[in-house]
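Comments concern the structure below.
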Amino acid sequence: MMRISETVKHLIIINVIMFVGTLTIGNGTLFYEWFAMYFPKNDAFQPWQIITHMFMHGGAMHIFFNMFALWMFGTPVEQVLGSKRFLFIYISAGLGAVLLQVGFYYFQYIPNYNALIESGVSSESIKHMLTNNEVVSGITQSQLAQLKAIFPAYNASMVGASGCIMGIMAAFGMMNPEAKLMMIFLPIPIKAKYFIPGIIILDLVSGLTGQSFFSPSNTAYMAHVGGALTGFFIMWYWKKNQFNQNRWY
């Protein structure tokens with residue numbers, strides 16, 4: 001068994017503490033209201049959620065698989081990069097995940113919101129309908145379709161360390177491209193240089209089409225892609241400018 005590195009250990013402890021707090025404080029809802037990441041247009045959004053959502057999880061299996069992946073990929077990455085650079089990738093990947101996922105939500109939200117405003121629906125009415133999930137009088141079928149299109153984005157919430165871990169996985173893949181990896185549901189060894197890009201492509205397809213392959217349908221797929229791309233570009237920059245390539249292989 002590979003010994004767990006210090007920063008990875010502390011991150012796992014923080015995630016477990018937050019998960020226990022979610023289960024035990026405020027009937028299971030208070031931590032979500034405070035620390036999950038909400039769409040910025042939603043009144044539930046608070047700036048600190050940009051960071052705190054990375055330490056929240058939606059269930060026992062969610063946190064188990066994320067923490068297992070953090071241990072498996074994070075420990076070798078931290079052993080090579082050191083704690084400061086490892087933590088920089090981890091948090092940066094989480095921020096990259098938020099940026100792409102929220103940007104994707106805005107891509108869905110803004111055109112339909114603007115169309116509603118142009119059609120004569122007031123911003124107060126839009127907010128009321130999205131917040132309370134009810135339709136005010138006078139709404140046409142076309143306007144209703146636009147409301148339905150933006151309702152999921154407006155009411156979306158994000159929890160989990162998946163974006164951070166995807167960034168760490170991307171870093172691991174660049175450091176160990178020949179390492180053979182397997183999925184639980186597909187026990188076939190695949191080299192990291194093929195396995196990790198394949199996972200990212202599947203997440204991108206799922207995010208664009210809504211088709212789920214290995215994750216629950218409510219997964220924030222674009223957050224996975226954003227985290228992975230952030231980790232990749234950071235490692236690419238470091239590889240090109242700061243590190244001796246030979247120490248990775």
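Chains: A, B, ... in order of the structure tokens. Residues: from 1 per chain. Ligands: from 1, in order shown.
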
Polymer residues at most 12 Å from Gly120 (chain A), only C-alpha atoms, same-chain spacing of 6 or more positions, as a ChimeraX atom specification
/A:113-114,126,138-140,143

Which polymer residues have any atom within 9 Å of an atom of region 162-174 of chain A, counting only C-alpha atoms, with same-chain residues fewer than 3 positions away left out, as an mmCIF file with N, CA and C atoms, in the first residue's frame?
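Generated file (result_9.cif):
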data_model
loop_
_atom_site.group_PDB
_atom_site.id
_atom_site.type_symbol
_atom_site.label_atom_id
_atom_site.label_comp_id
_atom_site.auth_asym_id
_atom_site.auth_seq_id
_atom_site.Cartn_x
_atom_site.Cartn_y
_atom_site.Cartn_z
ATOM 1 N N MET A 54 -15.869 22.713 -2.790
ATOM 2 C CA MET A 54 -14.867 21.691 -3.110
ATOM 3 C C MET A 54 -14.721 20.664 -1.994
ATOM 4 N N ASN A 66 -14.341 9.847 -4.452
ATOM 5 C CA ASN A 66 -13.479 11.017 -4.599
ATOM 6 C C ASN A 66 -12.244 10.928 -3.709
ATOM 7 N N MET A 67 -12.416 10.493 -2.472
ATOM 8 C CA MET A 67 -11.274 10.406 -1.567
ATOM 9 C C MET A 67 -10.342 9.260 -1.959
ATOM 10 N N ALA A 69 -9.819 8.337 -5.079
ATOM 11 C CA ALA A 69 -9.067 8.879 -6.217
ATOM 12 C C ALA A 69 -8.039 9.900 -5.752
ATOM 13 N N LEU A 70 -8.392 10.706 -4.739
ATOM 14 C CA LEU A 70 -7.448 11.686 -4.205
ATOM 15 C C LEU A 70 -6.223 10.988 -3.633
ATOM 16 N N PHE A 73 -4.208 9.095 -6.803
ATOM 17 C CA PHE A 73 -3.493 9.961 -7.733
ATOM 18 C C PHE A 73 -2.761 11.093 -7.024
ATOM 19 N N GLY A 74 -3.328 11.573 -5.915
ATOM 20 C CA GLY A 74 -2.740 12.721 -5.245
ATOM 21 C C GLY A 74 -1.431 12.426 -4.565
ATOM 22 N N PRO A 76 1.129 10.206 -5.279
ATOM 23 C CA PRO A 76 2.320 10.252 -6.142
ATOM 24 C C PRO A 76 2.592 11.634 -6.719
ATOM 25 N N VAL A 77 1.535 12.403 -6.984
ATOM 26 C CA VAL A 77 1.750 13.752 -7.517
ATOM 27 C C VAL A 77 2.396 14.642 -6.459
ATOM 28 N N PHE A 86 1.518 20.948 -5.221
ATOM 29 C CA PHE A 86 0.359 20.053 -5.277
ATOM 30 C C PHE A 86 -0.913 20.795 -4.896
ATOM 31 N N ILE A 89 -2.115 23.186 -7.632
ATOM 32 C CA ILE A 89 -2.861 22.518 -8.702
ATOM 33 C C ILE A 89 -4.255 22.144 -8.217
ATOM 34 N N TYR A 90 -4.338 21.607 -7.011
ATOM 35 C CA TYR A 90 -5.615 21.133 -6.474
ATOM 36 C C TYR A 90 -6.649 22.259 -6.422
ATOM 37 N N ILE A 91 -6.287 23.387 -5.807
ATOM 38 C CA ILE A 91 -7.228 24.501 -5.674
ATOM 39 C C ILE A 91 -7.481 25.154 -7.034
ATOM 40 N N SER A 92 -6.435 25.302 -7.840
ATOM 41 C CA SER A 92 -6.607 25.913 -9.161
ATOM 42 C C SER A 92 -7.542 25.091 -10.028
ATOM 43 N N ALA A 93 -7.405 23.760 -9.956
ATOM 44 C CA ALA A 93 -8.293 22.888 -10.727
ATOM 45 C C ALA A 93 -9.735 23.039 -10.253
ATOM 46 N N GLY A 94 -9.932 23.188 -8.938
ATOM 47 C CA GLY A 94 -11.272 23.422 -8.422
ATOM 48 C C GLY A 94 -11.862 24.723 -8.937
ATOM 49 N N LEU A 95 -11.033 25.758 -9.012
ATOM 50 C CA LEU A 95 -11.496 27.045 -9.539
ATOM 51 C C LEU A 95 -11.769 26.955 -11.038
ATOM 52 N N GLY A 96 -10.906 26.238 -11.755
ATOM 53 C CA GLY A 96 -11.140 26.033 -13.178
ATOM 54 C C GLY A 96 -12.431 25.268 -13.432
ATOM 55 N N ALA A 97 -12.726 24.322 -12.546
ATOM 56 C CA ALA A 97 -13.961 23.556 -12.657
ATOM 57 C C ALA A 97 -15.176 24.469 -12.496
ATOM 58 N N VAL A 98 -15.133 25.343 -11.496
ATOM 59 C CA VAL A 98 -16.228 26.297 -11.279
ATOM 60 C C VAL A 98 -16.390 27.208 -12.484
ATOM 61 N N VAL A 159 -21.430 20.461 -5.628
ATOM 62 C CA VAL A 159 -20.667 20.003 -4.469
ATOM 63 C C VAL A 159 -19.682 18.949 -4.939
ATOM 64 N N PRO A 177 2.800 8.838 -17.977
ATOM 65 C CA PRO A 177 1.940 8.509 -19.119
ATOM 66 C C PRO A 177 1.844 7.010 -19.406
ATOM 67 N N GLU A 178 2.837 6.246 -18.984
ATOM 68 C CA GLU A 178 2.821 4.810 -19.269
ATOM 69 C C GLU A 178 2.167 3.992 -18.161
ATOM 70 N N ALA A 179 1.796 4.634 -17.047
ATOM 71 C CA ALA A 179 1.146 3.907 -15.952
ATOM 72 C C ALA A 179 -0.174 3.322 -16.433
ATOM 73 N N LYS A 191 -3.196 2.516 -20.503
ATOM 74 C CA LYS A 191 -2.157 3.479 -20.157
ATOM 75 C C LYS A 191 -2.766 4.841 -19.839
ATOM 76 N N ALA A 192 -2.152 5.529 -18.877
ATOM 77 C CA ALA A 192 -2.685 6.809 -18.408
ATOM 78 C C ALA A 192 -2.811 7.823 -19.532
ATOM 79 N N LYS A 193 -1.897 7.784 -20.498
ATOM 80 C CA LYS A 193 -1.926 8.759 -21.581
ATOM 81 C C LYS A 193 -3.132 8.561 -22.497
ATOM 82 N N TYR A 194 -3.791 7.417 -22.403
ATOM 83 C CA TYR A 194 -5.035 7.179 -23.137
ATOM 84 C C TYR A 194 -6.242 7.216 -22.199
ATOM 85 N N PHE A 195 -6.059 6.681 -21.003
ATOM 86 C CA PHE A 195 -7.161 6.543 -20.046
ATOM 87 C C PHE A 195 -7.706 7.903 -19.624
ATOM 88 N N ILE A 196 -6.825 8.804 -19.195
ATOM 89 C CA ILE A 196 -7.275 10.082 -18.649
ATOM 90 C C ILE A 196 -7.885 10.980 -19.726
ATOM 91 N N PRO A 197 -7.260 11.135 -20.915
ATOM 92 C CA PRO A 197 -7.956 11.892 -21.971
ATOM 93 C C PRO A 197 -9.297 11.270 -22.346
ATOM 94 N N ILE A 200 -11.861 12.426 -19.892
ATOM 95 C CA ILE A 200 -12.197 13.829 -20.132
ATOM 96 C C ILE A 200 -13.135 13.965 -21.332
ATOM 97 N N ALA A 220 -21.847 17.322 -12.542
ATOM 98 C CA ALA A 220 -21.413 18.556 -13.213
ATOM 99 C C ALA A 220 -20.251 18.219 -14.143
ATOM 100 N N MET A 222 -19.060 19.478 -16.908
ATOM 101 C CA MET A 222 -18.169 20.539 -17.359
ATOM 102 C C MET A 222 -17.178 20.936 -16.266
ATOM 103 N N ALA A 223 -17.561 20.725 -15.010
ATOM 104 C CA ALA A 223 -16.621 20.971 -13.918
ATOM 105 C C ALA A 223 -15.460 19.979 -14.007
ATOM 106 N N HIS A 224 -15.755 18.733 -14.334
ATOM 107 C CA HIS A 224 -14.692 17.738 -14.517
ATOM 108 C C HIS A 224 -13.733 18.184 -15.622
ATOM 109 N N VAL A 225 -14.316 18.619 -16.733
ATOM 110 C CA VAL A 225 -13.492 19.047 -17.869
ATOM 111 C C VAL A 225 -12.660 20.268 -17.491
ATOM 112 N N GLY A 226 -13.277 21.231 -16.812
ATOM 113 C CA GLY A 226 -12.552 22.437 -16.411
ATOM 114 C C GLY A 226 -11.415 22.140 -15.459
ATOM 115 N N GLY A 227 -11.645 21.241 -14.495
ATOM 116 C CA GLY A 227 -10.580 20.859 -13.575
ATOM 117 C C GLY A 227 -9.441 20.160 -14.274
ATOM 118 N N ALA A 228 -9.771 19.233 -15.181
ATOM 119 C CA ALA A 228 -8.737 18.487 -15.900
ATOM 120 C C ALA A 228 -7.903 19.406 -16.790
ATOM 121 N N LEU A 229 -8.557 20.314 -17.493
ATOM 122 C CA LEU A 229 -7.822 21.231 -18.368
ATOM 123 C C LEU A 229 -6.910 22.152 -17.557
ATOM 124 N N THR A 230 -7.393 22.600 -16.407
ATOM 125 C CA THR A 230 -6.567 23.458 -15.550
ATOM 126 C C THR A 230 -5.323 22.708 -15.086
ATOM 127 N N GLY A 231 -5.505 21.482 -14.601
ATOM 128 C CA GLY A 231 -4.361 20.683 -14.176
ATOM 129 C C GLY A 231 -3.387 20.427 -15.312
ATOM 130 N N PHE A 232 -3.917 20.155 -16.483
ATOM 131 C CA PHE A 232 -3.065 19.895 -17.646
ATOM 132 C C PHE A 232 -2.227 21.117 -18.007
ATOM 133 N N PHE A 233 -2.861 22.289 -18.088
ATOM 134 C CA PHE A 233 -2.122 23.477 -18.515
ATOM 135 C C PHE A 233 -1.096 23.917 -17.472
ATOM 136 N N ILE A 234 -1.416 23.742 -16.195
ATOM 137 C CA ILE A 234 -0.427 24.066 -15.167
ATOM 138 C C ILE A 234 0.784 23.156 -15.293
ATOM 139 N N MET A 235 0.552 21.850 -15.440
ATOM 140 C CA MET A 235 1.666 20.906 -15.565
ATOM 141 C C MET A 235 2.432 21.127 -16.856
ATOM 142 N N TRP A 236 1.723 21.461 -17.915
ATOM 143 C CA TRP A 236 2.401 21.746 -19.192
ATOM 144 C C TRP A 236 3.337 22.940 -19.042
ATOM 145 N N TRP A 248 10.393 12.818 -14.224
ATOM 146 C CA TRP A 248 9.023 12.318 -14.218
ATOM 147 C C TRP A 248 8.900 10.889 -14.719
#

List every residue of region 106-182 of chain A that has an atom at most 7 Å from any atom of region 33-43 of chain A, and for each one report the closest atom pair and its distance in Å to one decimal, counting only C-alpha atoms, with rows sorted by chain and then by increasing residue number, as a Markdown table.
| residue | atom | partner | partner_atom | distance |
| --- | --- | --- | --- | --- |
| A:Ala153 | CA | A:Phe39 | CA | 6.9 |
| A:Tyr154 | CA | A:Phe39 | CA | 5.7 |
| A:Asn155 | CA | A:Phe39 | CA | 6.7 |
| A:Ala156 | CA | A:Tyr38 | CA | 6.1 |
| A:Ser157 | CA | A:Tyr38 | CA | 4.5 |
| A:Met158 | CA | A:Met37 | CA | 4.8 |
| A:Val159 | CA | A:Ala36 | CA | 5.4 |

From CA of Phe55 (chain A) to CA of Thr75 (chain A) the spacing works out at 17.9 Å

Query raised in the report: What's the 12 Å shell around His62 (chain A), counting only C-alpha atoms, without same-chain residues fewer than 3 positions away, as an MDAnalysis selection string?
Result: chainID A and resid 15:16 19 55:59 65:69 159:162 215:216 219

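Between CA of Pro111 (chain A) and CA of Ala149 (chain A) the interatomic distance comes to 10.0 Å.
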
Region 102-216 of chain A: residues DSSP assigns to alpha helix (DSSP H), reported as a ChimeraX atom specification: /A:102-118,123-132,141-154,162-175,192-209

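The space between CA of Val80 (chain A) and CA of Ile14 (chain A) spans 22.6 Å.
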